[in-house]
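K.L.:
Dropping a structure here in structure tokens format, bear with me for questions.
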Amino acid sequence: MLKKYLLLLSLLLWVSTHSIAQLISDNQDIYKVGNSVNLSSPYHTTLSFFYNLEEGHYKPENAAKALDLSDVKDQNGQSLAIKLKQIFEGKGILVRTSEIPNEQNYNDTTSTSGESIYYFDKQKLPGIFLQKTGNTWKYSAFSVSQIDELHSETYPYGTAKLLNILPKIGNQEYLGLHLWQLVGLFIMVLLVFLSHWIFTLVVDKLMLYLFKRYGYGKVGEDYILPVARVISFYLIVVLLSLFIRVLQLPIEIWSWILIVLRTLKPFLITIIFYKLADVVGAYFSKLATKTESTLDDQLVPLMRKTLKAFVIIVGTLFILRDGLNLDIIPFLTGLSIGGVAIALAAQDTIKNFFGSVMIFIDKPFQVGDWITSGEIDGTVEEVGFRSTRIRTFRNSLMYVPNGKIADAVLDNHGLRQYRRFYTTLTITYDTPPALIDEFVKGLREIVLAHPDTRKDGFHVYFNNLSSFSQDVMFYIFFEVPNWGEELRCRHEILIQIVKLANTLGVRFAFPTQTLHMESFPEKKTLVPEYTGGYESKLNDFLQGELKKKKD
């Protein structure tokens, strides 16, 4: 894919019909200058300066006359003029003569002082401007003092030396370009492929090998390698932006290439940080697995999405400012004003967002907890930015806004250490007190014998005389993690209670009305006969059922 893009770029450069970088957009105007140097207006000074630096009528000594050298000592004005033209080329500034004022007494209306100055580009070259001195317009003394610094900034890392070395190769024209430009283009493409090959070798082979050796092979393949590949493309763009300006390509093409390269830099950096968000998310996911709370598992995806959204927003602003040279201050101002209107229109959404923040900070529940509050009754499945998903016991899914949950009084059953089990055992009125006492003792032994009951906090007493029964309060706690285990324990306890009642001969009462009549000689009474021996029966139960349960 990279090779295709570079070949396309090369073909685009070759089809150019210009042999050198032409800064003047209106070519017909440049021939109005002739061999004279006219400095009577910004328009004439600009034409005189660039005309005497064009190929075919190259006279840098005449171009130097357009510079204010009053503050320059022991400095060659011709070399400064050449450097200034190279700065215009390297910055990709297209000089449009139709936009340059042709007035001798021109004043800059954008300046508060109304000075007689003219800026070519206040954003790209704020320090280079023409200034009226007497009756002539020249590049100001301040601009001349900035030329060396701007030239080093435009052609850094020794690339300025290539401007003097490459043209010595030859000026023969092939495919619309000079020989030295074609050689430079070939060297640049070769360097790009070589750097990409070296970086790929280091990352794909060496780095991945080291990750696999130390047991992080999956991390290297899934997270580090994609980031490294984008960094490789970013380095290629940096190399292209450094060396392609040395070729002095036609300004119409170079200005667009410069915009593309300048836009690619923040774009690729945005992609790098976007992918790094996955690396950060994977790291925090690993930390979340070490905690008992399941809410951390929900927080990590939200944090990753928030981080990615932040990266996209900031990256877009940098692309607009640094890549497309757009003034983002009015955009941010409008965004802040619009943000107020949006905030007023989306109060509930903002409230829900901050409600989700409070949920993650306070942690009133975690995923899997059973919570109740008013109409809310179910198990928490997921906590999002706007709402929390709760699975009800009807198996339906309830979406509750986080703002409502943050303000509600929640009963979190999932945080219970003990689960209460309370019931009333109703026995018939004909049950003797001695039997009731033994029955209660047996119930307590059942609680003590069960492995999942709380041994230091339960209550089993003969508690009430109701209208149709004698009531035994059975109040115990299970130490189990979830509702399913609680149901299992209830089942086991109730089975033991029924077995105890059958062993002792205890009958459970229910709401009935009994009519007592005189016994007939041939009929037996319905009232059972209690013959005693309850202690021995209880001992038999304890030695039998509960001992078997313990074993």
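Following the order of the structure tokens, first chain is A, next is B, and so on, with residues numbered from 1 inside each chain and ligands from 1 in the order they appear.
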So that I can see what lies close to region 234-241 of chain A, please list as JSON, numbers by chain the residues with an atom at most 12 Å from it, counting only C-alpha atoms and leaving out residues fewer than 4 positions away in the same chain.

P.N.:
{"A": [2, 3, 5, 6, 9, 90, 91, 92, 154, 155, 156, 157, 159, 184, 185, 187, 188, 189, 190, 191, 192, 193, 194, 195, 196, 197, 198, 199, 200, 227, 228, 229, 230, 245, 246, 247, 254, 255, 257, 258, 259, 260, 261, 262, 263, 264, 265, 266, 267, 268, 269, 270, 271, 272]}

K.L.:
Give me every strand (DSSP E or B) residue in region 147-221 of chain A, going by DSSP on the backbone, as JSON, numbers by chain.

P.N.:
{"A": [173, 174, 177, 178]}

K.L.:
I want to know what sits within 9 Å of Ile446 (chain A), based on only C-alpha atoms, with residues of the same chain fewer than 5 positions away left out; could you give that as a count of residues only?

P.N.:
6

K.L.:
Could you pull out the alpha helix (DSSP H) residues of region 49-238 of chain A from DSSP and send them as a PyMOL selection string?

P.N.:
chain A and resi 49-51+60-63+77-91+141-154+159-165+179-200+208-213+217-219+225-238

K.L.:
Keeping only C-alpha atoms, write the selected residues to a file as a short mmCIF file (atom, residue, chain, number, x, y, z; two decimals), in the first residue's frame.

P.N.:
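Final output, saved to selection08.cif:
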```
data_model
loop_
_atom_site.label_atom_id
_atom_site.label_comp_id
_atom_site.auth_asym_id
_atom_site.auth_seq_id
_atom_site.Cartn_x
_atom_site.Cartn_y
_atom_site.Cartn_z
CA PHE A 49 12.53 40.52 -6.33
CA PHE A 50 11.23 37.25 -7.78
CA TYR A 51 11.91 38.18 -11.43
CA PRO A 60 20.57 37.98 -7.38
CA GLU A 61 22.41 41.32 -7.09
CA ASN A 62 19.27 43.05 -8.40
CA ALA A 63 17.04 41.00 -6.10
CA GLY A 77 22.80 40.62 0.37
CA GLN A 78 22.67 38.22 -2.55
CA SER A 79 22.81 35.13 -0.32
CA LEU A 80 20.09 36.61 1.88
CA ALA A 81 17.89 37.18 -1.17
CA ILE A 82 18.38 33.58 -2.31
CA LYS A 83 17.62 32.28 1.18
CA LEU A 84 14.47 34.41 1.37
CA LYS A 85 13.20 32.95 -1.90
CA GLN A 86 13.97 29.45 -0.62
CA ILE A 87 11.98 30.23 2.53
CA PHE A 88 8.96 31.17 0.40
CA GLU A 89 9.38 27.90 -1.51
CA GLY A 90 9.86 25.74 1.58
CA LYS A 91 6.82 27.24 3.33
CA ALA A 141 15.28 45.41 8.29
CA PHE A 142 13.49 43.21 10.83
CA SER A 143 12.53 40.73 8.10
CA VAL A 144 16.13 40.65 6.83
CA SER A 145 17.38 39.90 10.35
CA GLN A 146 15.00 36.89 10.51
CA ILE A 147 16.10 35.30 7.23
CA ASP A 148 18.92 33.09 8.60
CA GLU A 149 16.79 31.81 11.47
CA LEU A 150 13.78 31.15 9.25
CA HIS A 151 15.95 29.40 6.69
CA SER A 152 17.37 27.04 9.33
CA GLU A 153 13.84 26.39 10.59
CA THR A 154 12.52 25.66 7.09
CA THR A 159 18.92 19.68 4.54
CA ALA A 160 19.90 23.26 3.64
CA LYS A 161 23.23 21.95 2.37
CA LEU A 162 21.37 19.80 -0.16
CA LEU A 163 20.06 22.99 -1.79
CA ASN A 164 23.64 23.73 -2.88
CA ILE A 165 24.77 20.14 -3.53
CA LEU A 179 18.07 15.96 -13.57
CA TRP A 180 19.03 16.92 -10.03
CA GLN A 181 15.35 16.96 -9.03
CA LEU A 182 14.84 13.46 -10.44
CA VAL A 183 17.97 12.21 -8.65
CA GLY A 184 16.80 13.84 -5.42
CA LEU A 185 13.35 12.30 -5.84
CA PHE A 186 14.90 8.87 -6.36
CA ILE A 187 17.12 9.26 -3.28
CA MET A 188 14.14 10.40 -1.21
CA VAL A 189 12.00 7.42 -2.25
CA LEU A 190 14.94 5.09 -1.56
CA LEU A 191 15.40 6.57 1.92
CA VAL A 192 11.68 6.19 2.64
CA PHE A 193 11.66 2.52 1.66
CA LEU A 194 14.90 1.87 3.51
CA SER A 195 13.69 3.53 6.71
CA HIS A 196 10.37 1.67 6.50
CA TRP A 197 12.17 -1.64 6.00
CA ILE A 198 14.53 -1.01 8.94
CA PHE A 199 11.71 0.05 11.23
CA THR A 200 9.59 -2.94 10.21
CA LEU A 208 7.90 -8.92 18.84
CA TYR A 209 10.54 -11.55 19.56
CA LEU A 210 11.37 -9.88 22.89
CA PHE A 211 7.69 -9.68 23.84
CA LYS A 212 7.20 -13.38 23.09
CA ARG A 213 10.34 -14.33 24.97
CA GLY A 217 3.48 -12.23 22.85
CA LYS A 218 -0.29 -11.61 22.69
CA VAL A 219 0.11 -8.12 24.12
CA LEU A 225 2.48 -3.91 16.99
CA PRO A 226 -0.47 -1.87 15.58
CA VAL A 227 0.83 1.24 17.36
CA ALA A 228 4.37 0.67 16.10
CA ARG A 229 3.18 0.36 12.50
CA VAL A 230 1.37 3.70 12.66
CA ILE A 231 4.53 5.25 14.15
CA SER A 232 6.39 3.86 11.14
CA PHE A 233 4.07 5.74 8.76
CA TYR A 234 4.44 8.88 10.86
CA LEU A 235 8.24 8.72 10.56
CA ILE A 236 7.88 8.33 6.79
CA VAL A 237 5.72 11.46 6.64
CA VAL A 238 8.32 13.33 8.71
#
```

K.L.:
Taking 5 positions as the minimum chain separation for residues in the same chain, which residues sit within 7 Å of region 417-425 of chain A when counting only C-alpha atoms? Answer as a PyMOL selection string.

P.N.:
chain A and resi 471-480

K.L.:
How would the residues just picked look written out with C-alpha atoms as a PDB file, in the first residue's frame?

P.N.:
```pdb
ATOM      1  CA  ASP A 471     -46.694 -20.700  67.184  1.00  0.00           C
ATOM      2  CA  VAL A 472     -42.975 -21.397  67.182  1.00  0.00           C
ATOM      3  CA  MET A 473     -40.785 -18.566  65.831  1.00  0.00           C
ATOM      4  CA  PHE A 474     -38.019 -19.836  63.538  1.00  0.00           C
ATOM      5  CA  TYR A 475     -35.565 -16.952  62.826  1.00  0.00           C
ATOM      6  CA  ILE A 476     -32.178 -17.869  61.338  1.00  0.00           C
ATOM      7  CA  PHE A 477     -29.512 -16.594  58.914  1.00  0.00           C
ATOM      8  CA  PHE A 478     -27.664 -18.266  56.046  1.00  0.00           C
ATOM      9  CA  GLU A 479     -24.083 -17.349  55.189  1.00  0.00           C
ATOM     10  CA  VAL A 480     -24.236 -17.886  51.404  1.00  0.00           C
TER      11      VAL A 480
END
```

K.L.:
Enter the distance from CA of Glu55 (chain A) to CA of Leu67 (chain A), in Å, rounded to one decimal.

P.N.:
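CA of Leu67 (chain A) lies at a distance of 20.1 Å from CA of Glu55 (chain A).
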
K.L.:
Could you check the closest approach to Ser373 (chain A) for each of A:Val202, A:Ile405, A:Ala66, A:Leu538 and tell me which residue wins, using only C-alpha atoms?

P.N.:
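Among the listed residues, A:Ile405 lies closest to Ser373 (chain A).
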
K.L.:
In Å to one decimal, how far is CA of Gly374 (chain A) from CA of Cys489 (chain A)?

P.N.:
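According to the coordinates, CA of Cys489 (chain A) and CA of Gly374 (chain A) are separated by 28.3 Å.
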